[in-house]
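Encoded as structure tokens, the structure appears first; notes follow it.
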Amino acid sequence: MNSTEVLNGLIRRFPNEPEYHQAVSEVLASIEDVYNSHPEFEEYNLIERLCIPDRIVSFRVTWTDDYGRVRTNMGYRVQHNCAIGPYKGGIRFHASVNQSILKFLAFEQTFKNALTTLPMGGAKGGSDFNPKGKSDDEIMRFCQAFILELWRHIGPETDVPAGDIGVGGREIGYMFGMYKKLAREHTGTFTGKGITYGGSLMRPEATGYGNVYFLQQMLATRGLELEGKTVCISGSGNVAQYTAEKLISLGAKVVTMSDSNGYIYDPDGITREKLDYIMHLKNVERGRIREYAEKYGCKYVEGARPWGEKCDIAMPSATQNEINGDEAKTLLANGCIAVSEGANMPSTPEAVDAFLNARILYAPGKAANAGGVSVSGLEMTQNSQKLSWSSEEVDNRLKSIMENIHSQCVKYGTQADGYVNYVKGANVSGFMKVATAMMEQGIL
Ligand code: NDP
């Protein structure tokens with residue numbers, strides 16, 4: 001396999017999908033050597049079969065807004081690969097959602113899920129529906145209309161969706177309710193469910209906490225600790241909030257958070273009380289991060305990202321391509337020693353190169369943010385067993401899964417000079433597992 005040829009072939013067949021090309025390109029470059037050392041992979045054209053999704057379902061979603069207007073959006077589910085388990089991956093509601101973004105996310109999810117050691121294939125879905133400014137009733141009607149189409153393609157042993165940008169506990173509840181009515185069964189077809197109807201304790205915390213556990217493992221390889229470190233976080237949604245919560249509890253100083261309008265910089269650090277304010281502001285009032293700066297009298301920068309602020313550690317937790325090459329260089333120039341990605345593909349290829357060339361601790365999202373889907377996997381297990389584990393039990397399992405993912409990255413990513421390339425480690429480890437399963441299951 002020549003990774004450039006494979007990529008060019010995909011670009012020709014699937015033009016206008018830049019995010020998908022970007023995600024595939026990064027993985028192909030890091031697995032090329034391993035792939036080529038297994039001639040049987042090429043014989044079975046494993047690489048194209050692994051890059052092209054098993055299927056994509058797309059549909060129109062029709063719903064009525066509060067003014068009685070009939071509205072339409074597009075809905076999608078990309079079922080990428082089910083070699084190691086049922087399809088599994090979140091649903092995103094954001095105005096920017098299109099097929100390219102969901103294909104990149106489903107592709108990444110396949111490798112991430114393989115890394116967790118749990119039996120889950122990769123998928124992703126969503127809609128270009130913009131939840132901002134919508135009433136609760138509108139959100140409910142949209143979720144119901146979305147599931148009216150999607151329900152026939154999902155199921156507890158087929159495809160198990162979860163949340164992502166714009167989809168949290170409220171949306172999962174509305175979607176699960178509609179699914180249950182149509183399917184006439186109360187099964188674990190969604191994860192991220194409420195605690196009263198089959199959700200797992202620690203699922204809301206899992207992605208953020210898991211990212212911090214992974215970061216601790218990385219720091220330990222250099223004899224470093226989290227306590228006293230200054231951290232820039234982007235985003236102020238689910239992942240960002242629980243990343244901040246765990247960091248604060250471990251003695252780190254979080255100085256930034258953001259939303260799609262701008263970022264706040266609090267040089268004194270966001271305390272537990274201030275984080276409670278952010279959680280209420282974002283989860284209940286659905287307000288803007290600017291209001292934090294007004295309340296606590298700190299800096300707010302409209303229309304910008306936080307990467308110009310001085311920090312030891314950056315944890316991008318908002319969206320894809322939110323750190324470009326110049327911003328990466330600024331972070332490095334300001335002394336940043338670690339980047340651990342809560343979001344999926346938040347660093348552009350230029351930013352990734354800058355981090356790797358500077359030999360800092362750099363964890364790609366598919367390793368660092370895998371805690372979310374891991375606890376989703378644990379939610380599926382609890383649902384099958386009709387059991388509910390304690391927070392402590394789930395947290396302990398989460399920690400050990402993140403340690404295991406870290407070990408796999410070290411095993412497959414340590415270079416001859418001792419530097420751990422976590423990108424290569426995560427990609428090779430995830431790839432080998434999925435590739436082996438596909439080979440053993442024949443040509444499909
Ligand atoms: P949320 O919707 O809860 O929060 C997203 C945050 O990012 C919000 O603060 C939002 O701001 C901001 N944001 C979204 N889009 C943009 C944009 N285009 N530019 C700037 N800011 C933006 O989502 P999550 O916290 O769940 O997800 C965040 C990231 O983490 C995503 O990349 C997701 O794929 C990834 N992830 C999530 C997991 C999970 O368990 N939830 C698991 C693994 C990865 P605003 O409020 O203005 O929209």
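Going through the structure tokens in order, the chains are called A, B, and so on, while each chain numbers its residues from 1 and the ligands are numbered from 1 in the order shown.
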
Kindly provide the residues of chain A that approach ligand 1 to within 6 Å, each paired with its closest atom pair and their distance in Å to one decimal, based on only C-alpha atoms and all ligand atoms, listed by chain and increasing number, as a Markdown table.
| residue | atom | partner | partner_atom_place_in_ligand_line | distance |
| --- | --- | --- | --- | --- |
| A:Gly163 | CA | ligand 1 | 41 (N) | 5.6 |
| A:Asp164 | CA | ligand 1 | 26 (O) | 4.2 |
| A:Ile165 | CA | ligand 1 | 2 (O) | 3.3 |
| A:Gly166 | CA | ligand 1 | 2 (O) | 3.9 |
| A:Thr207 | CA | ligand 1 | 40 (O) | 5.1 |
| A:Gly235 | CA | ligand 1 | 9 (O) | 3.8 |
| A:Ser236 | CA | ligand 1 | 9 (O) | 3.8 |
| A:Gly237 | CA | ligand 1 | 4 (O) | 3.3 |
| A:Asn238 | CA | ligand 1 | 25 (O) | 3.8 |
| A:Val239 | CA | ligand 1 | 25 (O) | 3.9 |
| A:Ala240 | CA | ligand 1 | 25 (O) | 5.9 |
| A:Ser258 | CA | ligand 1 | 9 (O) | 5.9 |
| A:Asp259 | CA | ligand 1 | 11 (O) | 3.6 |
| A:Ser260 | CA | ligand 1 | 21 (N) | 3.6 |
| A:Asn261 | CA | ligand 1 | 47 (O) | 5.9 |
| A:Ser317 | CA | ligand 1 | 29 (C) | 5.0 |
| A:Ala318 | CA | ligand 1 | 7 (O) | 3.4 |
| A:Thr319 | CA | ligand 1 | 32 (O) | 3.9 |
| A:Gln320 | CA | ligand 1 | 32 (O) | 5.8 |
| A:Gly342 | CA | ligand 1 | 30 (O) | 5.3 |
| A:Ala343 | CA | ligand 1 | 32 (O) | 3.5 |
| A:Asn344 | CA | ligand 1 | 32 (O) | 4.3 |
| A:Asn369 | CA | ligand 1 | 43 (C) | 5.0 |
| A:Gly372 | CA | ligand 1 | 40 (O) | 4.4 |

Worksheet item: So which residues touch Ile443 in chain A within 8 Å, counting only C-alpha atoms, skipping near sequence neighbours fewer than 4 positions away, as a PyMOL selection string?
Response: chain A and resi 44+438-439

Go ahead and save the residues from that selection, with C-alpha atoms, as a PDB file, in the first residue's frame.
ATOM      1  CA  TYR A  44      -7.660  -8.735   0.640  1.00  0.00           C
ATOM      2  CA  MET A 438     -11.721  -8.333   9.449  1.00  0.00           C
ATOM      3  CA  MET A 439      -9.231 -10.875   8.096  1.00  0.00           C
TER       4      MET A 439
END

Discussion item. Neighbouring residues of range 86-100 of chain A were defined as those with any atom within 9 Å, considering only C-alpha atoms; residues of the same chain fewer than 2 positions away were excluded. Please report them as a PyMOL selection string.
Written reply: chain A and resi 16-21+56+58+74-84+102-106+109-110+113+119-132+154-167+191+373+376-377

Selection export as a CSV table (one decimal), in the first residue's frame, atoms kept: C-alpha atoms:
chain,number,residue,atom,x,y,z
A,16,ASN,CA,-15.6,17.7,-1.2
A,17,GLU,CA,-15.1,15.8,2.0
A,18,PRO,CA,-12.0,17.5,3.5
A,19,GLU,CA,-12.4,16.4,7.1
A,20,TYR,CA,-12.8,12.8,6.0
A,21,HIS,CA,-9.6,13.0,3.9
A,56,ILE,CA,-24.4,5.6,5.3
A,58,SER,CA,-29.3,9.8,5.2
A,74,MET,CA,-30.9,16.5,7.1
A,75,GLY,CA,-30.2,13.4,9.3
A,76,TYR,CA,-27.4,10.9,8.9
A,77,ARG,CA,-26.0,7.7,10.4
A,78,VAL,CA,-22.6,6.6,9.2
A,79,GLN,CA,-22.1,2.9,10.1
A,80,HIS,CA,-18.4,2.7,9.5
A,81,ASN,CA,-17.2,-0.8,10.7
A,82,CYS,CA,-18.6,-3.6,12.8
A,83,ALA,CA,-15.7,-6.0,12.8
A,84,ILE,CA,-15.3,-6.1,16.5
A,102,LEU,CA,-19.7,12.4,10.2
A,103,LYS,CA,-17.5,10.2,8.0
A,104,PHE,CA,-14.3,11.5,9.7
A,105,LEU,CA,-15.9,11.0,13.1
A,106,ALA,CA,-17.1,7.5,12.3
A,109,GLN,CA,-14.5,6.1,16.2
A,110,THR,CA,-13.6,2.7,14.8
A,113,ASN,CA,-13.4,1.9,20.1
A,119,PRO,CA,-16.4,-5.0,21.8
A,120,MET,CA,-17.7,-2.0,19.9
A,121,GLY,CA,-17.6,-1.1,16.2
A,122,GLY,CA,-17.4,2.5,14.9
A,123,ALA,CA,-20.3,4.8,13.8
A,124,LYS,CA,-21.4,8.4,14.1
A,125,GLY,CA,-24.6,10.3,13.2
A,126,GLY,CA,-26.2,13.6,13.5
A,127,SER,CA,-28.1,16.5,11.9
A,128,ASP,CA,-27.5,20.0,10.7
A,129,PHE,CA,-30.2,21.0,13.1
A,130,ASN,CA,-29.0,24.0,15.2
A,131,PRO,CA,-30.2,23.5,18.8
A,132,LYS,CA,-29.1,27.1,19.9
A,154,ILE,CA,-30.3,0.9,15.3
A,155,GLY,CA,-30.7,-1.6,18.2
A,156,PRO,CA,-28.9,-3.0,21.2
A,157,GLU,CA,-27.0,-5.5,19.2
A,158,THR,CA,-26.9,-3.5,15.9
A,159,ASP,CA,-26.0,0.1,16.5
A,160,VAL,CA,-26.0,2.0,19.8
A,161,PRO,CA,-25.9,5.8,19.5
A,162,ALA,CA,-24.8,8.2,22.3
A,163,GLY,CA,-24.3,12.0,22.7
A,164,ASP,CA,-21.8,14.4,21.1
A,165,ILE,CA,-21.9,18.2,20.3
A,166,GLY,CA,-25.4,19.5,20.9
A,167,VAL,CA,-26.6,16.2,22.2
A,191,THR,CA,-25.9,5.3,26.1
A,373,VAL,CA,-17.1,5.6,24.8
A,376,SER,CA,-20.7,3.9,27.2
A,377,GLY,CA,-19.5,0.3,26.7

So that each row is one residue of range 157-225 of chain A with an atom at most 9 Å from range 390-400 of chain A, can you give its shortest atom pair and the distance in Å to one decimal, using only C-alpha atoms, rows by chain and rising number, as a tab-separated table?
residue	atom	partner	partner_atom	distance
A:Ser200	CA	A:Val394	CA	8.2
A:Leu201	CA	A:Ser391	CA	5.4
A:Met202	CA	A:Ser391	CA	5.9
A:Arg203	CA	A:Val394	CA	8.7
A:Ala206	CA	A:Leu398	CA	7.4
A:Tyr209	CA	A:Leu398	CA	8.6
A:Gly210	CA	A:Leu398	CA	6.7
A:Tyr213	CA	A:Lys399	CA	6.5
A:Phe214	CA	A:Lys399	CA	8.4

Discussion item. Measuring between only C-alpha atoms, which one of A:Gly335, A:Gly269, A:Gly251, A:Gly198 shows the shortest distance to Gln385 in chain A?
Written reply: A:Gly198

Item to complete: Do a neighbour search on Ala328 in chain A at 7 Å with only C-alpha atoms, toss out local chain neighbours closer than 5 positions, and write the hits as a PyMOL selection string.
Response: chain A and resi 323+351+354

Export of the given selection (N, CA and C atoms) as a PDB file, in the first residue's frame:
ATOM      1  N   ILE A 323      -7.160  24.083  16.663  1.00  0.00           N
ATOM      2  CA  ILE A 323      -5.788  24.582  16.884  1.00  0.00           C
ATOM      3  C   ILE A 323      -5.074  24.498  15.546  1.00  0.00           C
ATOM      4  N   ALA A 351      -0.586  21.625  13.031  1.00  0.00           N
ATOM      5  CA  ALA A 351      -0.440  21.695  14.493  1.00  0.00           C
ATOM      6  C   ALA A 351       0.125  20.377  15.028  1.00  0.00           C
ATOM      7  N   ALA A 354       3.755  20.240  14.393  1.00  0.00           N
ATOM      8  CA  ALA A 354       4.494  21.131  15.300  1.00  0.00           C
ATOM      9  C   ALA A 354       4.676  20.469  16.663  1.00  0.00           C
TER      10      ALA A 354
END

Worksheet entry | Shortest interatomic distance to Ser30 in chain A - which of A:Ala363, A:Phe431, A:Glu285, A:Lys424, counting only C-alpha atoms | A:Lys424

Please give the complete set of residues from range 161-338 of chain A that DSSP, run on the backbone, assigns to strand (DSSP E), formatted as a PDB file with N, CA and C atoms, in the first residue's frame.
ATOM      1  N   PRO A 161     -26.300   4.425  19.531  1.00  0.00           N
ATOM      2  CA  PRO A 161     -25.862   5.820  19.532  1.00  0.00           C
ATOM      3  C   PRO A 161     -25.668   6.381  20.942  1.00  0.00           C
ATOM      4  N   ALA A 162     -24.974   7.527  21.011  1.00  0.00           N
ATOM      5  CA  ALA A 162     -24.753   8.247  22.279  1.00  0.00           C
ATOM      6  C   ALA A 162     -24.792   9.740  21.966  1.00  0.00           C
ATOM      7  N   THR A 230      -0.612  24.950  34.952  1.00  0.00           N
ATOM      8  CA  THR A 230      -1.628  25.853  34.398  1.00  0.00           C
ATOM      9  C   THR A 230      -2.171  25.245  33.102  1.00  0.00           C
ATOM     10  N   VAL A 231      -3.499  25.197  33.009  1.00  0.00           N
ATOM     11  CA  VAL A 231      -4.117  24.500  31.873  1.00  0.00           C
ATOM     12  C   VAL A 231      -5.086  25.422  31.131  1.00  0.00           C
ATOM     13  N   CYS A 232      -4.981  25.438  29.804  1.00  0.00           N
ATOM     14  CA  CYS A 232      -5.977  26.109  28.955  1.00  0.00           C
ATOM     15  C   CYS A 232      -6.927  25.053  28.409  1.00  0.00           C
ATOM     16  N   ILE A 233      -8.212  25.250  28.654  1.00  0.00           N
ATOM     17  CA  ILE A 233      -9.245  24.368  28.093  1.00  0.00           C
ATOM     18  C   ILE A 233     -10.046  25.193  27.092  1.00  0.00           C
ATOM     19  N   LYS A 253      -4.409  24.377  37.732  1.00  0.00           N
ATOM     20  CA  LYS A 253      -5.075  25.684  37.630  1.00  0.00           C
ATOM     21  C   LYS A 253      -5.621  25.863  36.216  1.00  0.00           C
ATOM     22  N   VAL A 254      -6.949  25.887  36.091  1.00  0.00           N
ATOM     23  CA  VAL A 254      -7.586  26.048  34.782  1.00  0.00           C
ATOM     24  C   VAL A 254      -7.823  27.539  34.558  1.00  0.00           C
ATOM     25  N   VAL A 255      -7.254  28.083  33.487  1.00  0.00           N
ATOM     26  CA  VAL A 255      -7.364  29.538  33.297  1.00  0.00           C
ATOM     27  C   VAL A 255      -8.270  29.953  32.139  1.00  0.00           C
ATOM     28  N   THR A 256      -8.620  29.031  31.244  1.00  0.00           N
ATOM     29  CA  THR A 256      -9.516  29.433  30.142  1.00  0.00           C
ATOM     30  C   THR A 256     -10.615  28.398  29.916  1.00  0.00           C
ATOM     31  N   MET A 257     -11.747  28.896  29.428  1.00  0.00           N
ATOM     32  CA  MET A 257     -12.793  28.055  28.819  1.00  0.00           C
ATOM     33  C   MET A 257     -13.431  28.914  27.726  1.00  0.00           C
ATOM     34  N   SER A 258     -14.181  28.283  26.834  1.00  0.00           N
ATOM     35  CA  SER A 258     -14.681  29.057  25.688  1.00  0.00           C
ATOM     36  C   SER A 258     -16.036  28.536  25.223  1.00  0.00           C
ATOM     37  N   ASP A 259     -16.659  29.252  24.295  1.00  0.00           N
ATOM     38  CA  ASP A 259     -17.740  28.681  23.488  1.00  0.00           C
ATOM     39  C   ASP A 259     -17.570  29.219  22.080  1.00  0.00           C
ATOM     40  N   GLY A 262     -16.434  33.045  21.912  1.00  0.00           N
ATOM     41  CA  GLY A 262     -15.184  33.619  22.421  1.00  0.00           C
ATOM     42  C   GLY A 262     -14.695  32.853  23.635  1.00  0.00           C
ATOM     43  N   TYR A 263     -13.645  33.388  24.289  1.00  0.00           N
ATOM     44  CA  TYR A 263     -13.118  32.676  25.462  1.00  0.00           C
ATOM     45  C   TYR A 263     -12.923  33.612  26.647  1.00  0.00           C
ATOM     46  N   ILE A 264     -12.927  33.027  27.855  1.00  0.00           N
ATOM     47  CA  ILE A 264     -12.625  33.791  29.071  1.00  0.00           C
ATOM     48  C   ILE A 264     -11.234  33.390  29.552  1.00  0.00           C
ATOM     49  N   TYR A 265     -10.527  34.375  30.134  1.00  0.00           N
ATOM     50  CA  TYR A 265      -9.214  34.102  30.722  1.00  0.00           C
ATOM     51  C   TYR A 265      -9.265  34.567  32.170  1.00  0.00           C
ATOM     52  N   LYS A 299     -11.012  38.732  31.940  1.00  0.00           N
ATOM     53  CA  LYS A 299     -10.938  39.048  30.506  1.00  0.00           C
ATOM     54  C   LYS A 299     -11.849  38.128  29.686  1.00  0.00           C
ATOM     55  N   TYR A 300     -12.512  38.712  28.684  1.00  0.00           N
ATOM     56  CA  TYR A 300     -13.270  37.935  27.703  1.00  0.00           C
ATOM     57  C   TYR A 300     -12.848  38.393  26.318  1.00  0.00           C
ATOM     58  N   VAL A 301     -12.502  37.444  25.458  1.00  0.00           N
ATOM     59  CA  VAL A 301     -12.083  37.817  24.110  1.00  0.00           C
ATOM     60  C   VAL A 301     -13.086  37.246  23.113  1.00  0.00           C
ATOM     61  N   GLU A 302     -13.791  38.149  22.452  1.00  0.00           N
ATOM     62  CA  GLU A 302     -14.834  37.753  21.492  1.00  0.00           C
ATOM     63  C   GLU A 302     -14.186  37.247  20.198  1.00  0.00           C
ATOM     64  N   ILE A 313      -0.207  23.236  29.855  1.00  0.00           N
ATOM     65  CA  ILE A 313      -0.938  22.133  29.224  1.00  0.00           C
ATOM     66  C   ILE A 313      -2.151  22.700  28.481  1.00  0.00           C
ATOM     67  N   ALA A 314      -2.411  22.179  27.275  1.00  0.00           N
ATOM     68  CA  ALA A 314      -3.607  22.587  26.530  1.00  0.00           C
ATOM     69  C   ALA A 314      -4.520  21.383  26.360  1.00  0.00           C
ATOM     70  N   MET A 315      -5.806  21.585  26.624  1.00  0.00           N
ATOM     71  CA  MET A 315      -6.774  20.489  26.474  1.00  0.00           C
ATOM     72  C   MET A 315      -7.947  20.964  25.614  1.00  0.00           C
ATOM     73  N   ALA A 338       2.443  19.829  27.140  1.00  0.00           N
ATOM     74  CA  ALA A 338       1.543  18.701  26.848  1.00  0.00           C
ATOM     75  C   ALA A 338       0.241  19.193  26.226  1.00  0.00           C
TER      76      ALA A 338
END

Worksheet item: How would you write, as a PyMOL selection string, the set of residues in range 219-346 of chain A that DSSP gives as helix (DSSP H, G or I)?
Response: chain A and resi 219-220+238-249+272-283+290-296+306-308+325-333

Worksheet entry | Polymer residues at most 12 Å from Met140 in chain A, only C-alpha atoms, same-chain spacing of 2 or more positions, as a list of chain:residue names | A:Trp63, A:Thr64, A:Asp65, A:Asp66, A:Pro131, A:Lys134, A:Ser135, A:Asp136, A:Asp137, A:Glu138, A:Phe142, A:Cys143, A:Gln144, A:Ala145, A:Phe146, A:Ile147, A:Val167, A:Arg170, A:Glu171, A:Ile172, A:Gly173, A:Tyr174, A:Met175, A:Phe176, A:Gly177, A:Met178

Neighbouring residues of range 405-414 of chain A were defined as those with any atom within 8 Å, considering only C-alpha atoms; residues of the same chain fewer than 2 positions away were excluded. Please report them as a short mmCIF file (atom, residue, chain, number, x, y, z; two decimals) with all heavy atoms, in the first residue's frame.
data_model
loop_
_atom_site.label_atom_id
_atom_site.label_comp_id
_atom_site.auth_asym_id
_atom_site.auth_seq_id
_atom_site.Cartn_x
_atom_site.Cartn_y
_atom_site.Cartn_z
N LEU A 115 -9.36 0.60 20.61
CA LEU A 115 -8.39 0.86 21.67
C LEU A 115 -8.96 0.59 23.07
O LEU A 115 -8.21 0.27 23.99
CB LEU A 115 -7.95 2.33 21.65
CG LEU A 115 -6.88 2.75 20.66
CD1 LEU A 115 -6.75 4.28 20.67
CD2 LEU A 115 -5.55 2.11 21.04
N THR A 116 -10.27 0.77 23.22
CA THR A 116 -10.85 0.64 24.57
C THR A 116 -10.80 -0.79 25.10
O THR A 116 -11.06 -1.01 26.28
CB THR A 116 -12.34 1.06 24.60
OG1 THR A 116 -13.08 0.12 23.80
CG2 THR A 116 -12.55 2.45 24.07
N PHE A 214 -5.55 10.07 31.35
CA PHE A 214 -4.56 9.80 30.29
C PHE A 214 -3.40 10.80 30.40
O PHE A 214 -2.23 10.42 30.30
CB PHE A 214 -5.22 9.91 28.91
CG PHE A 214 -4.38 9.31 27.81
CD1 PHE A 214 -4.52 7.98 27.45
CD2 PHE A 214 -3.42 10.07 27.15
CE1 PHE A 214 -3.73 7.42 26.46
CE2 PHE A 214 -2.62 9.52 26.16
CZ PHE A 214 -2.79 8.19 25.80
N GLN A 217 -0.98 9.87 33.03
CA GLN A 217 -0.09 8.78 32.59
C GLN A 217 1.04 9.34 31.73
O GLN A 217 2.20 8.94 31.87
CB GLN A 217 -0.89 7.77 31.74
CG GLN A 217 -1.94 7.01 32.50
CD GLN A 217 -1.33 5.91 33.34
OE1 GLN A 217 -0.49 5.17 32.86
NE2 GLN A 217 -1.73 5.84 34.59
N MET A 218 0.69 10.26 30.84
CA MET A 218 1.73 10.84 29.97
C MET A 218 2.75 11.62 30.81
O MET A 218 3.96 11.48 30.62
CB MET A 218 1.12 11.81 28.95
CG MET A 218 0.36 11.14 27.85
SD MET A 218 0.26 12.18 26.37
CE MET A 218 -0.65 13.58 26.96
N ALA A 367 -7.19 8.50 21.46
CA ALA A 367 -6.70 7.85 22.68
C ALA A 367 -7.20 8.60 23.91
O ALA A 367 -7.79 8.02 24.81
CB ALA A 367 -5.17 7.81 22.67
N ILE A 401 -9.00 1.34 32.12
CA ILE A 401 -9.06 1.35 30.64
C ILE A 401 -8.11 2.43 30.10
O ILE A 401 -7.37 2.21 29.14
CB ILE A 401 -10.51 1.58 30.16
CG1 ILE A 401 -11.37 0.34 30.44
CG2 ILE A 401 -10.54 1.93 28.67
CD1 ILE A 401 -12.86 0.52 30.21
N MET A 402 -8.11 3.62 30.73
CA MET A 402 -7.23 4.70 30.23
C MET A 402 -5.76 4.31 30.40
O MET A 402 -4.94 4.60 29.53
CB MET A 402 -7.53 6.03 30.95
CG MET A 402 -8.92 6.60 30.74
SD MET A 402 -9.57 6.59 29.05
CE MET A 402 -8.51 7.76 28.21
N GLU A 403 -5.45 3.62 31.47
CA GLU A 403 -4.06 3.16 31.66
C GLU A 403 -3.69 2.15 30.57
O GLU A 403 -2.59 2.17 30.03
CB GLU A 403 -3.90 2.51 33.05
CG GLU A 403 -3.80 3.55 34.16
CD GLU A 403 -3.97 2.93 35.56
OE1 GLU A 403 -3.81 1.70 35.71
OE2 GLU A 403 -4.29 3.71 36.47
N ALA A 416 12.71 4.69 18.17
CA ALA A 416 14.06 4.18 18.52
C ALA A 416 14.75 5.12 19.51
O ALA A 416 15.51 4.67 20.38
CB ALA A 416 14.89 4.03 17.26
N ASP A 417 14.46 6.41 19.41
CA ASP A 417 15.12 7.37 20.31
C ASP A 417 14.38 7.53 21.64
O ASP A 417 14.72 8.39 22.45
CB ASP A 417 15.26 8.73 19.63
CG ASP A 417 13.91 9.32 19.24
OD1 ASP A 417 12.87 8.70 19.55
OD2 ASP A 417 13.87 10.41 18.65
N GLY A 418 13.34 6.72 21.84
CA GLY A 418 12.65 6.75 23.13
C GLY A 418 11.43 7.67 23.18
O GLY A 418 10.62 7.58 24.10
N TYR A 419 11.26 8.54 22.20
CA TYR A 419 10.10 9.45 22.20
C TYR A 419 8.83 8.65 21.90
O TYR A 419 8.81 7.83 20.98
CB TYR A 419 10.28 10.55 21.13
CG TYR A 419 9.07 11.46 21.00
CD1 TYR A 419 8.69 12.29 22.06
CD2 TYR A 419 8.32 11.50 19.83
CE1 TYR A 419 7.57 13.12 21.95
CE2 TYR A 419 7.21 12.33 19.70
CZ TYR A 419 6.85 13.14 20.77
OH TYR A 419 5.76 13.96 20.67
N VAL A 420 7.79 8.89 22.68
CA VAL A 420 6.53 8.18 22.44
C VAL A 420 5.66 9.01 21.50
O VAL A 420 5.20 10.09 21.85
CB VAL A 420 5.76 7.89 23.75
CG1 VAL A 420 4.49 7.10 23.44
CG2 VAL A 420 6.63 7.11 24.73
N ASN A 421 5.45 8.47 20.30
CA ASN A 421 4.56 9.10 19.34
C ASN A 421 3.18 8.48 19.56
O ASN A 421 2.88 7.39 19.08
CB ASN A 421 5.09 8.83 17.92
CG ASN A 421 4.22 9.48 16.87
OD1 ASN A 421 3.03 9.67 17.06
ND2 ASN A 421 4.84 9.81 15.73
N TYR A 422 2.35 9.20 20.32
CA TYR A 422 1.04 8.66 20.69
C TYR A 422 0.10 8.54 19.49
O TYR A 422 -0.83 7.75 19.50
CB TYR A 422 0.40 9.52 21.78
CG TYR A 422 1.06 9.35 23.15
CD1 TYR A 422 2.14 10.14 23.53
CD2 TYR A 422 0.59 8.41 24.05
CE1 TYR A 422 2.74 9.99 24.77
CE2 TYR A 422 1.18 8.24 25.28
CZ TYR A 422 2.26 9.03 25.64
OH TYR A 422 2.85 8.87 26.87
N VAL A 423 0.35 9.36 18.46
CA VAL A 423 -0.49 9.28 17.26
C VAL A 423 -0.27 7.91 16.61
O VAL A 423 -1.21 7.17 16.32
CB VAL A 423 -0.12 10.40 16.25
CG1 VAL A 423 -0.95 10.27 14.99
CG2 VAL A 423 -0.32 11.76 16.90
N LYS A 424 1.00 7.60 16.40
CA LYS A 424 1.32 6.31 15.78
C LYS A 424 0.87 5.17 16.68
O LYS A 424 0.27 4.19 16.21
CB LYS A 424 2.83 6.23 15.53
CG LYS A 424 3.24 4.94 14.91
CD LYS A 424 4.58 5.00 14.25
CE LYS A 424 4.72 3.72 13.45
NZ LYS A 424 5.88 3.64 12.65
N GLY A 425 1.15 5.28 17.96
CA GLY A 425 0.79 4.21 18.90
C GLY A 425 -0.70 3.90 18.86
O GLY A 425 -1.11 2.74 18.77
N ALA A 426 -1.52 4.96 18.89
CA ALA A 426 -2.98 4.76 18.90
C ALA A 426 -3.45 4.19 17.57
O ALA A 426 -4.27 3.26 17.52
CB ALA A 426 -3.69 6.08 19.19
N VAL A 428 -1.76 2.48 15.20
CA VAL A 428 -1.30 1.12 14.90
C VAL A 428 -2.04 0.11 15.78
O VAL A 428 -2.51 -0.93 15.30
CB VAL A 428 0.24 1.00 15.09
CG1 VAL A 428 0.68 -0.46 15.00
CG2 VAL A 428 0.96 1.84 14.03
N SER A 429 -2.17 0.43 17.05
CA SER A 429 -2.83 -0.50 17.96
C SER A 429 -4.29 -0.73 17.55
O SER A 429 -4.75 -1.87 17.45
CB SER A 429 -2.74 0.06 19.38
OG SER A 429 -3.52 -0.69 20.24
#

Discussion item. Give me the residues near Leu215 in chain A as JSON, numbers by chain, where near means some atom within 7 Å (using only C-alpha atoms) and where sequence neighbours in that chain fewer than 4 positions away do not count.
Written reply: {"A": [211, 219, 340]}
